[in-house]
2 protein chains.
Amino acid sequence: MSVTAPLGFRAAGIAAGIKASGARDLALVVNDGPSRAAAGVFTANRVKAAPVQWSAQVLSGGRVKAVVLNSGGANACTGPLGFQDTHATAEKVAAAIEDSAGEIAVCSTGLIGERLPMDALLGGVETAVSQLSRDGGLAAADAIRTTDTVGKIAFRRGEGGYMVGGMAKGAGMLAPSLATMLCVITTDADLSSEELDAVLRKATGVTFDRLDADGCMSTNDTVLLLASGASGVRPDLAEFEKVVTTVCADLTRQLLVDAEGASKAIAIEVVGAASVEDAVTVGRTVARNNLLKCAIHGEDPNWGRVLSAVGTTDAVFEADRLNVAINGIWICRGGAVGDDRSKVDLRPRDVTITIDLSAGPHSATVHTTDLTAAYVHENSAYSS
Amino acid sequence: MSVTAPLGFRAAGIAAGIKASGARDLALVVNDGPSRAAAGVFTANRVKAAPVQWSAQVLSGGRVKAVVLNSGGANACTGPLGFQDTHATAEKVAAAIEDSAGEIAVCSTGLIGERLPMDALLGGVETAVSQLSRDGGLAAADAIRTTDTVGKIAFRRGEGGYMVGGMAKGAGMLAPSLATMLCVITTDADLSSEELDAVLRKATGVTFDRLDADGCMSTNDTVLLLASGASGVRPDLAEFEKVVTTVCADLTRQLLVDAEGASKAIAIEVVGAASVEDAVTVGRTVARNNLLKCAIHGEDPNWGRVLSAVGTTDAVFEADRLNVAINGIWICRGGAVGDDRSKVDLRPRDVTITIDLSAGPHSATVHTTDLTAAYVHENSAYSS
């Protein structure tokens with residue numbers, strides 16, 4: 001299933017020998033049409049990996065025939081030679097499926113600053129093409145994993161019978177990233193690239209964009225949405241946006257749960273904000289506060305750390321009108337001590353921190369994880 | 001020594017019973033004049049503790065007779081009653097030394113969101129006043145410690161024989177903070193409060209402001225500069241600024257070395273910047289990157305994480321003109337692989353990361369620490 005749940009898509013995931021472990025490391029997704037309309041969103045990092053530079057150019061044409069993705073190397077900060085490697089990869093796929101390299105997107109994930117083993121990669125492309133199938137979605141999702149402990153897939157059926165499917169790896173996008181986040185979403189609905197673009201931006205804006213594991217932003221983050229049109233269904237755009245958003249939210253949740261070293265999944269729910277932007281700013285700032293993330297790890301309802309994080313933002317609020325609840329207990333009211341903190345039960349994995357800015361009707365939720373010794377270990381013990 | 005190194009100051013540090021451990025927790029510094037000119041800088045956090053609100057008001061008058069500081073409780077997010085506690089503390093000091101509460105500054109540090117044990121604190125003020133002495137500087141520095149493993153003191157003699165002395169606790173200020181940072185600097189030079197204010201802002205701007213342990217900003221950070229004029233020396237302002245900056249830099253270094261759980265002291269040296277602001281922005285952003293801080297902890301010269309952090313800033317640079325050295329080895333040149341990374345020796349405690357933006361003549365250095373399991377433990381195992 002995953003990216004092959006919709007009609008018109010074949011996929012493969014194989015071991016090309018890019019990863020020293022011998023695990024799967026190359027995925028290919030091919031759109032058999034009849035449409036090949038597509039849209040993409042990419043990292044906002046100004047240091048962009050070669051595949052991001054290449055794919056952004058491809059997507060500007062609004063059409064994608066295939067996506068080739070590799071784990072085992074990010075091909076970021078590799079200079080002009082790295083860009084040539086991405087170009088050669090697209091050309092190789094194009095030759096193997098007899099199409100144009102200008103409509104082949106490329107995604108890479110892994111260590112920054114090292115060239116890819118191109119012999120292995122190009123040989124792997126041939127193998128992947130030979131293994132393309134309507135059943136290849138799971139293998140493809142497996143092949144893009146780096147430190148992910150499980151592959152992430154999702155799919156939903158829309159009104160009229162069209163399908164939306166997706167696969168993802170990593171955690172975070174645009175602002176955040178635990179490692180690179182890559183995601184390919186497919187649909188057999190019939191929509192133009194402009195329609196896909198509008199829907200993808202809205203859907204990612206309220207899902208992946210509101211996941212912030214550790215405040216770090218990758219050089220490689222990419223989310224692609226490909227439409228084959230094979231179902232013949234032209235969905236209502238609002239309904240389609242809802243389905244795509246659901247798939248993105250499902251994948252976001254899977255990324256959050258699998259975040260490196262995390263022991264808690266924390267939802268920062270900001271309410272009473274003067275604007276959605278204020279709510280997201282406050283949520284993101286609190287999500288990035290190391291002291292708070294340590295406190296939640298230690299199951300300490302330290303609302304003072306919430307307030308000191310809120311106080312560093314430029315959101316509209318008055319310090320003496322802030323209210324904070326942790327797992328439903330309003331332990332801070334009016335900027336000072338509220339209900340008994342001993343009532344807060346922080347043992348469950350899921351933690352909700354609610355911040356009421358008392359400044360307006362808007363709200364937003366940002367998702368993050370706690371900060372643990374396991375996170376430090378995973379990110380210091382080896383390069384990734 | 002410390003705050004009592006200059007003429008005209010007496011100090012005391014005593015155990016008032018605020019800390020459950022029975023350790024010293026109350027410090028008092030009194031300026032015997034003839035001058036009582038003073039200046040202060042405070043946290044930029046919009047959630048300000050009661051003592052910060054009080055002391056900012058006191059300092060707006062440009063005169064300080066005494067500073068009373070307590071550890072064991074921040075008196076932050078304690079509402080109007082917390083502010084009354086600060087006011088009562090200042091009144092108690094004023095009564096005991098027969099002066100005006102309007103010229104008594106108050107500083108607090110410890111857990112946010114709890115009222116101070118006022119009986120213990122007010123009783124402690126009486127004891128502290130009775131123990132004020134010209135030798136009290138070390139005891140005062142000891143009494144303001146929280147998680148600090150050692151007291152931090154510094155002093156320098158200026159031209160013409162005047163002295164500057166100081167004490168500090170914590171790590172970080174204005175932008176950063178590991179916990180609250182409090183600092184009192186004294187001098188027997190004869191200067192106006194306006195002169196002190198200008199010098200203090202410049203000195204803290206290039207010292208404490210460029211220390212960023214974990215990107216968190218306290219509700220209580222305070223740096224005060226008090227002048228007794230007792231030496232009769234009116235120093236040259238530029239020379240005085242240099243001496244105060246040296247004392248601040250010395251204390252900054254002590255805070256950095258004692259930062260919670262740190263195993264590395266990291267200097268992020270940004271050169272080739274289009275402006276000092278760009279250099280500081282890049283330095284601070286890199287200093288806050290958890291992935292990089294983990295890598296340095298693991299002695300992994302992961303320059304890719306440096307570049308991805310730089311890429312999130314709005315500083316002037318081109319990605320393919322960035323150069324990065326770690327401990328003197330230029331492992332990234334022109335945004336891509338440079339010298340052999342195996343040449344980088346990351347075993348020493350001191351680590352220097354040099355980032356050349358190739359965009360101009362300006363530079364700045366931001367100091368930070370690595371991210372360790374010990375940091376997580378210290379900040380999750382108990383409230384602070």
# chains A, B, ... in the order shown; residues from 1 in each chain; ligands from 1

$ interface_residues --of "chain B" --to "chain A" --cutoff "7 Å" --atoms "only C-alpha atoms" --output "PDB file with all heavy atoms, in the first residue's frame"
ATOM      1  N   ASN B  45      13.363  38.888  29.067  1.00  0.00           N
ATOM      2  CA  ASN B  45      12.152  38.069  29.137  1.00  0.00           C
ATOM      3  C   ASN B  45      10.961  38.940  29.537  1.00  0.00           C
ATOM      4  O   ASN B  45      11.071  39.762  30.450  1.00  0.00           O
ATOM      5  CB  ASN B  45      12.341  36.937  30.159  1.00  0.00           C
ATOM      6  CG  ASN B  45      11.384  35.774  29.908  1.00  0.00           C
ATOM      7  OD1 ASN B  45      10.182  35.968  29.729  1.00  0.00           O
ATOM      8  ND2 ASN B  45      11.923  34.576  29.893  1.00  0.00           N
ATOM      9  N   ARG B  46       9.833  38.753  28.837  1.00  0.00           N
ATOM     10  CA  ARG B  46       8.638  39.546  29.151  1.00  0.00           C
ATOM     11  C   ARG B  46       7.939  39.047  30.398  1.00  0.00           C
ATOM     12  O   ARG B  46       7.064  39.732  30.953  1.00  0.00           O
ATOM     13  CB  ARG B  46       7.686  39.550  27.963  1.00  0.00           C
ATOM     14  CG  ARG B  46       8.258  40.336  26.779  1.00  0.00           C
ATOM     15  CD  ARG B  46       7.443  40.101  25.539  1.00  0.00           C
ATOM     16  NE  ARG B  46       6.080  40.545  25.708  1.00  0.00           N
ATOM     17  CZ  ARG B  46       5.057  40.126  24.953  1.00  0.00           C
ATOM     18  NH1 ARG B  46       5.284  39.237  23.993  1.00  0.00           N
ATOM     19  NH2 ARG B  46       3.843  40.562  25.154  1.00  0.00           N
ATOM     20  N   VAL B  47       8.281  37.826  30.817  1.00  0.00           N
ATOM     21  CA  VAL B  47       7.807  37.338  32.113  1.00  0.00           C
ATOM     22  C   VAL B  47       8.928  37.637  33.099  1.00  0.00           C
ATOM     23  O   VAL B  47       9.940  36.957  33.146  1.00  0.00           O
ATOM     24  CB  VAL B  47       7.496  35.830  32.053  1.00  0.00           C
ATOM     25  CG1 VAL B  47       7.108  35.317  33.425  1.00  0.00           C
ATOM     26  CG2 VAL B  47       6.381  35.564  31.041  1.00  0.00           C
ATOM     27  N   CYS B  77       6.675  34.599  38.822  1.00  0.00           N
ATOM     28  CA  CYS B  77       5.334  34.052  38.599  1.00  0.00           C
ATOM     29  C   CYS B  77       4.644  33.799  39.926  1.00  0.00           C
ATOM     30  O   CYS B  77       4.063  32.749  40.163  1.00  0.00           O
ATOM     31  CB  CYS B  77       5.398  32.774  37.764  1.00  0.00           C
ATOM     32  SG  CYS B  77       6.330  32.940  36.236  1.00  0.00           S
ATOM     33  N   THR B  78       4.743  34.797  40.783  1.00  0.00           N
ATOM     34  CA  THR B  78       4.152  34.676  42.114  1.00  0.00           C
ATOM     35  C   THR B  78       3.089  35.749  42.344  1.00  0.00           C
ATOM     36  O   THR B  78       2.571  35.884  43.465  1.00  0.00           O
ATOM     37  CB  THR B  78       5.251  34.809  43.195  1.00  0.00           C
ATOM     38  OG1 THR B  78       6.114  35.881  42.796  1.00  0.00           O
ATOM     39  CG2 THR B  78       6.067  33.537  43.299  1.00  0.00           C
ATOM     40  N   GLY B  79       2.788  36.518  41.275  1.00  0.00           N
ATOM     41  CA  GLY B  79       1.680  37.467  41.345  1.00  0.00           C
ATOM     42  C   GLY B  79       1.942  38.641  42.277  1.00  0.00           C
ATOM     43  O   GLY B  79       3.080  38.869  42.711  1.00  0.00           O
ATOM     44  N   ILE B 112      11.005  28.695  39.993  1.00  0.00           N
ATOM     45  CA  ILE B 112       9.945  29.630  39.622  1.00  0.00           C
ATOM     46  C   ILE B 112       8.616  29.154  40.200  1.00  0.00           C
ATOM     47  O   ILE B 112       8.376  27.963  40.318  1.00  0.00           O
ATOM     48  CB  ILE B 112       9.823  29.697  38.080  1.00  0.00           C
ATOM     49  CG1 ILE B 112      11.116  30.206  37.451  1.00  0.00           C
ATOM     50  CG2 ILE B 112       8.652  30.566  37.645  1.00  0.00           C
ATOM     51  CD1 ILE B 112      11.064  30.285  35.933  1.00  0.00           C
ATOM     52  N   GLY B 113       7.746  30.119  40.544  1.00  0.00           N
ATOM     53  CA  GLY B 113       6.359  29.769  40.844  1.00  0.00           C
ATOM     54  C   GLY B 113       6.094  29.382  42.285  1.00  0.00           C
ATOM     55  O   GLY B 113       5.046  28.843  42.603  1.00  0.00           O
ATOM     56  N   ASP B 214      22.143  27.144  26.788  1.00  0.00           N
ATOM     57  CA  ASP B 214      21.112  26.269  26.234  1.00  0.00           C
ATOM     58  C   ASP B 214      19.955  27.028  25.596  1.00  0.00           C
ATOM     59  O   ASP B 214      18.899  26.458  25.369  1.00  0.00           O
ATOM     60  CB  ASP B 214      20.588  25.299  27.293  1.00  0.00           C
ATOM     61  CG  ASP B 214      19.938  26.036  28.455  1.00  0.00           C
ATOM     62  OD1 ASP B 214      19.865  27.276  28.409  1.00  0.00           O
ATOM     63  OD2 ASP B 214      19.503  25.375  29.397  1.00  0.00           O
ATOM     64  N   CYS B 216      17.944  29.075  26.644  1.00  0.00           N
ATOM     65  CA  CYS B 216      16.789  29.410  27.473  1.00  0.00           C
ATOM     66  C   CYS B 216      17.040  30.735  28.195  1.00  0.00           C
ATOM     67  O   CYS B 216      18.159  31.036  28.577  1.00  0.00           O
ATOM     68  CB  CYS B 216      16.531  28.310  28.483  1.00  0.00           C
ATOM     69  SG  CYS B 216      16.180  26.732  27.713  1.00  0.00           S
ATOM     70  N   MET B 217      15.988  31.530  28.353  1.00  0.00           N
ATOM     71  CA  MET B 217      16.138  32.852  28.948  1.00  0.00           C
ATOM     72  C   MET B 217      15.403  32.901  30.276  1.00  0.00           C
ATOM     73  O   MET B 217      14.237  32.549  30.352  1.00  0.00           O
ATOM     74  CB  MET B 217      15.544  33.890  28.004  1.00  0.00           C
ATOM     75  CG  MET B 217      15.925  35.325  28.342  1.00  0.00           C
ATOM     76  SD  MET B 217      14.802  36.515  27.563  1.00  0.00           S
ATOM     77  CE  MET B 217      15.120  36.219  25.840  1.00  0.00           C
ATOM     78  N   SER B 218      16.094  33.360  31.297  1.00  0.00           N
ATOM     79  CA  SER B 218      15.532  33.377  32.636  1.00  0.00           C
ATOM     80  C   SER B 218      14.590  34.557  32.843  1.00  0.00           C
ATOM     81  O   SER B 218      14.620  35.543  32.116  1.00  0.00           O
ATOM     82  CB  SER B 218      16.668  33.447  33.649  1.00  0.00           C
ATOM     83  OG  SER B 218      16.199  33.838  34.908  1.00  0.00           O
ATOM     84  N   THR B 219      13.770  34.443  33.864  1.00  0.00           N
ATOM     85  CA  THR B 219      12.876  35.521  34.289  1.00  0.00           C
ATOM     86  C   THR B 219      13.558  36.461  35.273  1.00  0.00           C
ATOM     87  O   THR B 219      12.973  37.472  35.654  1.00  0.00           O
ATOM     88  CB  THR B 219      11.657  34.912  35.004  1.00  0.00           C
ATOM     89  OG1 THR B 219      12.153  33.993  35.995  1.00  0.00           O
ATOM     90  CG2 THR B 219      10.775  34.145  34.032  1.00  0.00           C
ATOM     91  N   ASN B 289      22.170  24.815  18.417  1.00  0.00           N
ATOM     92  CA  ASN B 289      21.796  23.644  17.630  1.00  0.00           C
ATOM     93  C   ASN B 289      22.072  22.356  18.414  1.00  0.00           C
ATOM     94  O   ASN B 289      23.220  21.951  18.594  1.00  0.00           O
ATOM     95  CB  ASN B 289      22.573  23.666  16.306  1.00  0.00           C
ATOM     96  CG  ASN B 289      22.077  22.609  15.353  1.00  0.00           C
ATOM     97  OD1 ASN B 289      22.447  21.451  15.457  1.00  0.00           O
ATOM     98  ND2 ASN B 289      21.201  22.989  14.444  1.00  0.00           N
ATOM     99  N   ASN B 290      21.002  21.721  18.869  1.00  0.00           N
ATOM    100  CA  ASN B 290      21.168  20.531  19.708  1.00  0.00           C
ATOM    101  C   ASN B 290      21.956  19.421  19.022  1.00  0.00           C
ATOM    102  O   ASN B 290      22.744  18.724  19.657  1.00  0.00           O
ATOM    103  CB  ASN B 290      19.798  19.986  20.116  1.00  0.00           C
ATOM    104  CG  ASN B 290      19.199  20.743  21.294  1.00  0.00           C
ATOM    105  OD1 ASN B 290      19.861  21.581  21.904  1.00  0.00           O
ATOM    106  ND2 ASN B 290      17.964  20.443  21.615  1.00  0.00           N
ATOM    107  N   LEU B 291      21.709  19.232  17.718  1.00  0.00           N
ATOM    108  CA  LEU B 291      22.403  18.147  17.024  1.00  0.00           C
ATOM    109  C   LEU B 291      23.913  18.389  17.026  1.00  0.00           C
ATOM    110  O   LEU B 291      24.698  17.478  17.271  1.00  0.00           O
ATOM    111  CB  LEU B 291      21.887  18.016  15.588  1.00  0.00           C
ATOM    112  CG  LEU B 291      20.472  17.452  15.445  1.00  0.00           C
ATOM    113  CD1 LEU B 291      20.023  17.498  13.987  1.00  0.00           C
ATOM    114  CD2 LEU B 291      20.407  16.019  15.962  1.00  0.00           C
ATOM    115  N   CYS B 294      25.381  17.830  20.478  1.00  0.00           N
ATOM    116  CA  CYS B 294      25.547  16.390  20.740  1.00  0.00           C
ATOM    117  C   CYS B 294      26.784  15.864  20.017  1.00  0.00           C
ATOM    118  O   CYS B 294      27.547  15.063  20.567  1.00  0.00           O
ATOM    119  CB  CYS B 294      24.321  15.611  20.263  1.00  0.00           C
ATOM    120  SG  CYS B 294      22.875  15.801  21.322  1.00  0.00           S
ATOM    121  N   ALA B 295      26.981  16.296  18.774  1.00  0.00           N
ATOM    122  CA  ALA B 295      28.124  15.816  17.995  1.00  0.00           C
ATOM    123  C   ALA B 295      29.442  16.182  18.683  1.00  0.00           C
ATOM    124  O   ALA B 295      30.352  15.355  18.792  1.00  0.00           O
ATOM    125  CB  ALA B 295      28.088  16.394  16.583  1.00  0.00           C
ATOM    126  N   HIS B 297      29.864  16.778  21.801  1.00  0.00           N
ATOM    127  CA  HIS B 297      29.960  15.916  22.987  1.00  0.00           C
ATOM    128  C   HIS B 297      30.561  14.562  22.594  1.00  0.00           C
ATOM    129  O   HIS B 297      31.399  14.008  23.306  1.00  0.00           O
ATOM    130  CB  HIS B 297      28.576  15.730  23.594  1.00  0.00           C
ATOM    131  CG  HIS B 297      28.558  14.794  24.752  1.00  0.00           C
ATOM    132  ND1 HIS B 297      29.408  14.931  25.826  1.00  0.00           N
ATOM    133  CD2 HIS B 297      27.816  13.684  25.006  1.00  0.00           C
ATOM    134  CE1 HIS B 297      29.174  13.951  26.690  1.00  0.00           C
ATOM    135  NE2 HIS B 297      28.232  13.187  26.210  1.00  0.00           N
ATOM    136  N   GLY B 298      30.148  14.035  21.447  1.00  0.00           N
ATOM    137  CA  GLY B 298      30.654  12.754  20.971  1.00  0.00           C
ATOM    138  C   GLY B 298      31.998  12.860  20.248  1.00  0.00           C
ATOM    139  O   GLY B 298      32.468  11.883  19.675  1.00  0.00           O
ATOM    140  N   ASP B 300      32.724  14.299  17.519  1.00  0.00           N
ATOM    141  CA  ASP B 300      32.512  14.050  16.093  1.00  0.00           C
ATOM    142  C   ASP B 300      32.526  15.410  15.381  1.00  0.00           C
ATOM    143  O   ASP B 300      31.666  16.245  15.628  1.00  0.00           O
ATOM    144  CB  ASP B 300      31.142  13.359  15.931  1.00  0.00           C
ATOM    145  CG  ASP B 300      30.660  13.311  14.489  1.00  0.00           C
ATOM    146  OD1 ASP B 300      31.485  13.480  13.565  1.00  0.00           O
ATOM    147  OD2 ASP B 300      29.442  13.090  14.299  1.00  0.00           O
ATOM    148  N   ASN B 302      31.315  17.108  13.088  1.00  0.00           N
ATOM    149  CA  ASN B 302      30.209  17.042  12.133  1.00  0.00           C
ATOM    150  C   ASN B 302      29.903  18.431  11.578  1.00  0.00           C
ATOM    151  O   ASN B 302      28.925  19.082  11.968  1.00  0.00           O
ATOM    152  CB  ASN B 302      28.993  16.457  12.864  1.00  0.00           C
ATOM    153  CG  ASN B 302      27.943  15.946  11.919  1.00  0.00           C
ATOM    154  OD1 ASN B 302      27.679  16.561  10.892  1.00  0.00           O
ATOM    155  ND2 ASN B 302      27.335  14.825  12.257  1.00  0.00           N
ATOM    156  N   GLY B 304      28.656  19.323   8.851  1.00  0.00           N
ATOM    157  CA  GLY B 304      27.365  19.411   8.161  1.00  0.00           C
ATOM    158  C   GLY B 304      26.304  20.025   9.064  1.00  0.00           C
ATOM    159  O   GLY B 304      25.448  20.791   8.625  1.00  0.00           O
ATOM    160  N   LEU B 307      26.778  23.803   9.058  1.00  0.00           N
ATOM    161  CA  LEU B 307      26.207  24.428   7.864  1.00  0.00           C
ATOM    162  C   LEU B 307      24.677  24.438   7.902  1.00  0.00           C
ATOM    163  O   LEU B 307      24.052  25.428   7.525  1.00  0.00           O
ATOM    164  CB  LEU B 307      26.692  23.713   6.594  1.00  0.00           C
ATOM    165  CG  LEU B 307      27.771  24.482   5.832  1.00  0.00           C
ATOM    166  CD1 LEU B 307      29.005  24.660   6.679  1.00  0.00           C
ATOM    167  CD2 LEU B 307      28.105  23.848   4.501  1.00  0.00           C
ATOM    168  N   SER B 308      24.075  23.353   8.364  1.00  0.00           N
ATOM    169  CA  SER B 308      22.608  23.387   8.377  1.00  0.00           C
ATOM    170  C   SER B 308      22.091  24.397   9.383  1.00  0.00           C
ATOM    171  O   SER B 308      21.024  24.981   9.171  1.00  0.00           O
ATOM    172  CB  SER B 308      21.954  22.014   8.582  1.00  0.00           C
ATOM    173  OG  SER B 308      22.752  21.098   9.190  1.00  0.00           O
ATOM    174  N   GLY B 311      22.461  27.857   7.782  1.00  0.00           N
ATOM    175  CA  GLY B 311      21.457  28.008   6.723  1.00  0.00           C
ATOM    176  C   GLY B 311      20.094  28.446   7.197  1.00  0.00           C
ATOM    177  O   GLY B 311      19.248  28.834   6.397  1.00  0.00           O
ATOM    178  N   THR B 312      19.855  28.400   8.505  1.00  0.00           N
ATOM    179  CA  THR B 312      18.551  28.832   9.021  1.00  0.00           C
ATOM    180  C   THR B 312      18.539  30.314   9.369  1.00  0.00           C
ATOM    181  O   THR B 312      17.503  30.836   9.767  1.00  0.00           O
ATOM    182  CB  THR B 312      18.161  28.039  10.286  1.00  0.00           C
ATOM    183  OG1 THR B 312      19.095  28.375  11.323  1.00  0.00           O
ATOM    184  CG2 THR B 312      18.217  26.542  10.036  1.00  0.00           C
ATOM    185  N   ALA B 319      25.866  29.958   0.257  1.00  0.00           N
ATOM    186  CA  ALA B 319      26.144  28.610   0.780  1.00  0.00           C
ATOM    187  C   ALA B 319      27.449  28.043   0.235  1.00  0.00           C
ATOM    188  O   ALA B 319      28.177  27.347   0.943  1.00  0.00           O
ATOM    189  CB  ALA B 319      24.981  27.682   0.453  1.00  0.00           C
ATOM    190  N   GLY B 335      31.685  25.546   1.121  1.00  0.00           N
ATOM    191  CA  GLY B 335      30.411  24.861   1.321  1.00  0.00           C
ATOM    192  C   GLY B 335      30.473  23.364   1.095  1.00  0.00           C
ATOM    193  O   GLY B 335      29.443  22.692   1.114  1.00  0.00           O
ATOM    194  N   ALA B 336      31.651  22.809   0.899  1.00  0.00           N
ATOM    195  CA  ALA B 336      31.772  21.368   0.638  1.00  0.00           C
ATOM    196  C   ALA B 336      32.964  20.803   1.420  1.00  0.00           C
ATOM    197  O   ALA B 336      33.599  21.512   2.212  1.00  0.00           O
ATOM    198  CB  ALA B 336      31.940  21.123  -0.859  1.00  0.00           C
ATOM    199  N   VAL B 337      33.243  19.545   1.199  1.00  0.00           N
ATOM    200  CA  VAL B 337      34.302  18.868   1.944  1.00  0.00           C
ATOM    201  C   VAL B 337      35.639  19.601   1.794  1.00  0.00           C
ATOM    202  O   VAL B 337      36.020  19.982   0.692  1.00  0.00           O
ATOM    203  CB  VAL B 337      34.474  17.432   1.426  1.00  0.00           C
ATOM    204  CG1 VAL B 337      35.498  16.686   2.271  1.00  0.00           C
ATOM    205  CG2 VAL B 337      33.151  16.696   1.451  1.00  0.00           C
ATOM    206  N   LEU B 371      25.963  19.320  24.629  1.00  0.00           N
ATOM    207  CA  LEU B 371      24.715  18.783  25.207  1.00  0.00           C
ATOM    208  C   LEU B 371      25.005  17.353  25.628  1.00  0.00           C
ATOM    209  O   LEU B 371      25.419  16.522  24.815  1.00  0.00           O
ATOM    210  CB  LEU B 371      23.591  18.828  24.172  1.00  0.00           C
ATOM    211  CG  LEU B 371      22.220  18.322  24.616  1.00  0.00           C
ATOM    212  CD1 LEU B 371      21.727  19.033  25.860  1.00  0.00           C
ATOM    213  CD2 LEU B 371      21.206  18.503  23.484  1.00  0.00           C
ATOM    214  N   THR B 372      24.787  17.095  26.901  1.00  0.00           N
ATOM    215  CA  THR B 372      25.208  15.810  27.471  1.00  0.00           C
ATOM    216  C   THR B 372      24.069  15.126  28.212  1.00  0.00           C
ATOM    217  O   THR B 372      23.072  15.765  28.577  1.00  0.00           O
ATOM    218  CB  THR B 372      26.344  16.045  28.496  1.00  0.00           C
ATOM    219  OG1 THR B 372      25.772  16.732  29.630  1.00  0.00           O
ATOM    220  CG2 THR B 372      27.462  16.899  27.907  1.00  0.00           C
ATOM    221  N   ALA B 373      24.246  13.846  28.434  1.00  0.00           N
ATOM    222  CA  ALA B 373      23.270  13.121  29.253  1.00  0.00           C
ATOM    223  C   ALA B 373      23.222  13.707  30.663  1.00  0.00           C
ATOM    224  O   ALA B 373      22.167  13.729  31.297  1.00  0.00           O
ATOM    225  CB  ALA B 373      23.634  11.643  29.297  1.00  0.00           C
ATOM    226  N   VAL B 376      20.813  16.562  30.718  1.00  0.00           N
ATOM    227  CA  VAL B 376      19.440  16.050  30.762  1.00  0.00           C
ATOM    228  C   VAL B 376      19.106  15.581  32.165  1.00  0.00           C
ATOM    229  O   VAL B 376      18.046  15.903  32.717  1.00  0.00           O
ATOM    230  CB  VAL B 376      19.262  14.895  29.749  1.00  0.00           C
ATOM    231  CG1 VAL B 376      17.883  14.263  29.908  1.00  0.00           C
ATOM    232  CG2 VAL B 376      19.459  15.393  28.319  1.00  0.00           C
ATOM    233  N   ASN B 379      18.631  18.457  34.674  1.00  0.00           N
ATOM    234  CA  ASN B 379      17.444  19.273  34.460  1.00  0.00           C
ATOM    235  C   ASN B 379      16.141  18.487  34.402  1.00  0.00           C
ATOM    236  O   ASN B 379      15.086  19.055  34.157  1.00  0.00           O
ATOM    237  CB  ASN B 379      17.620  20.107  33.197  1.00  0.00           C
ATOM    238  CG  ASN B 379      18.626  21.224  33.422  1.00  0.00           C
ATOM    239  OD1 ASN B 379      18.384  22.117  34.216  1.00  0.00           O
ATOM    240  ND2 ASN B 379      19.771  21.121  32.774  1.00  0.00           N
ATOM    241  N   SER B 380      16.225  17.173  34.586  1.00  0.00           N
ATOM    242  CA  SER B 380      14.988  16.387  34.600  1.00  0.00           C
ATOM    243  C   SER B 380      14.796  15.695  35.932  1.00  0.00           C
ATOM    244  O   SER B 380      13.684  15.341  36.305  1.00  0.00           O
ATOM    245  CB  SER B 380      14.993  15.346  33.473  1.00  0.00           C
ATOM    246  OG  SER B 380      16.062  14.447  33.628  1.00  0.00           O
ATOM    247  N   ALA B 381      15.893  15.522  36.662  1.00  0.00           N
ATOM    248  CA  ALA B 381      15.804  14.736  37.887  1.00  0.00           C
ATOM    249  C   ALA B 381      15.155  15.501  39.030  1.00  0.00           C
ATOM    250  O   ALA B 381      14.654  14.912  39.966  1.00  0.00           O
ATOM    251  CB  ALA B 381      17.189  14.243  38.304  1.00  0.00           C
ATOM    252  N   SER B 383      13.263  19.662  40.147  1.00  0.00           N
ATOM    253  CA  SER B 383      12.898  21.028  39.770  1.00  0.00           C
ATOM    254  C   SER B 383      14.033  21.981  40.079  1.00  0.00           C
ATOM    255  O   SER B 383      14.711  21.835  41.086  1.00  0.00           O
ATOM    256  CB  SER B 383      11.660  21.475  40.563  1.00  0.00           C
ATOM    257  OG  SER B 383      10.516  20.823  40.094  1.00  0.00           O
TER     258      SER B 383
END

$ residues_around --residues "Leu138 (chain B)" --least-positions-apart "3" --cutoff "8 Å" --atoms "only C-alpha atoms" --output "list of chain:residue names"
B:Met1, B:Ser2, B:Gly13, B:Asp135, B:Ala141, B:Asp142, B:Gly151, B:Ile153

$ select_by_dssp --residues "region 123-326 of chain A" --states "strand (DSSP E)" --output "ChimeraX atom specification"
/A:152-157,163-169,182-187,222-227,265-273,323-326

$ select_by_dssp --residues "region 140-248 of chain B" --states "helix (DSSP H, G or I)" --output "ChimeraX atom specification"
/B:140-143,193-205,208-210,237-248

$ closest_residue --among "A:Asp250, A:Glu277, A:Val30, A:Ala325" --to "Gly137 (chain A)" --atoms "only C-alpha atoms"
A:Val30

$ residues_around --residues "region 19-25 of chain A" --least-positions-apart "4" --cutoff "7 Å" --atoms "only C-alpha atoms" --output "list in words"
Gly13, Ile14, Ala15, Asn70, Ser71, Gly72, Asp142, Ala143 and Ile144 of chain A

$ residues_around --residues "region 34-42 of chain A" --least-positions-apart "6" --cutoff "6 Å" --atoms "only C-alpha atoms" --output "ChimeraX atom specification"
/A:62-65,192-193,196-197,221-229

$ residues_around --residues "Ala5 (chain B)" --least-positions-apart "3" --cutoff "10 Å" --atoms "only C-alpha atoms" --output "list in words"
Met1, Ser2, Gly8, Phe9, Arg10, Arg134, Asp135, Gly136, Gly137, Ala154, Phe155, Arg156, Arg157, Tyr162, Met163, Val164, Gly165, Gly166, Thr186, Thr187 and Asp188 of chain B

$ atom_distance --atom1 "CA of Asn323 (chain B)" --atom2 "CA of Leu256 (chain B)"
26.0 Å

$ residues_around --residues "Asp236 (chain A)" --least-positions-apart "6" --cutoff "12 Å" --atoms "only C-alpha atoms" --output "PyMOL selection string"
chain A and resi 158-160+162+189-191+195+199+242-243
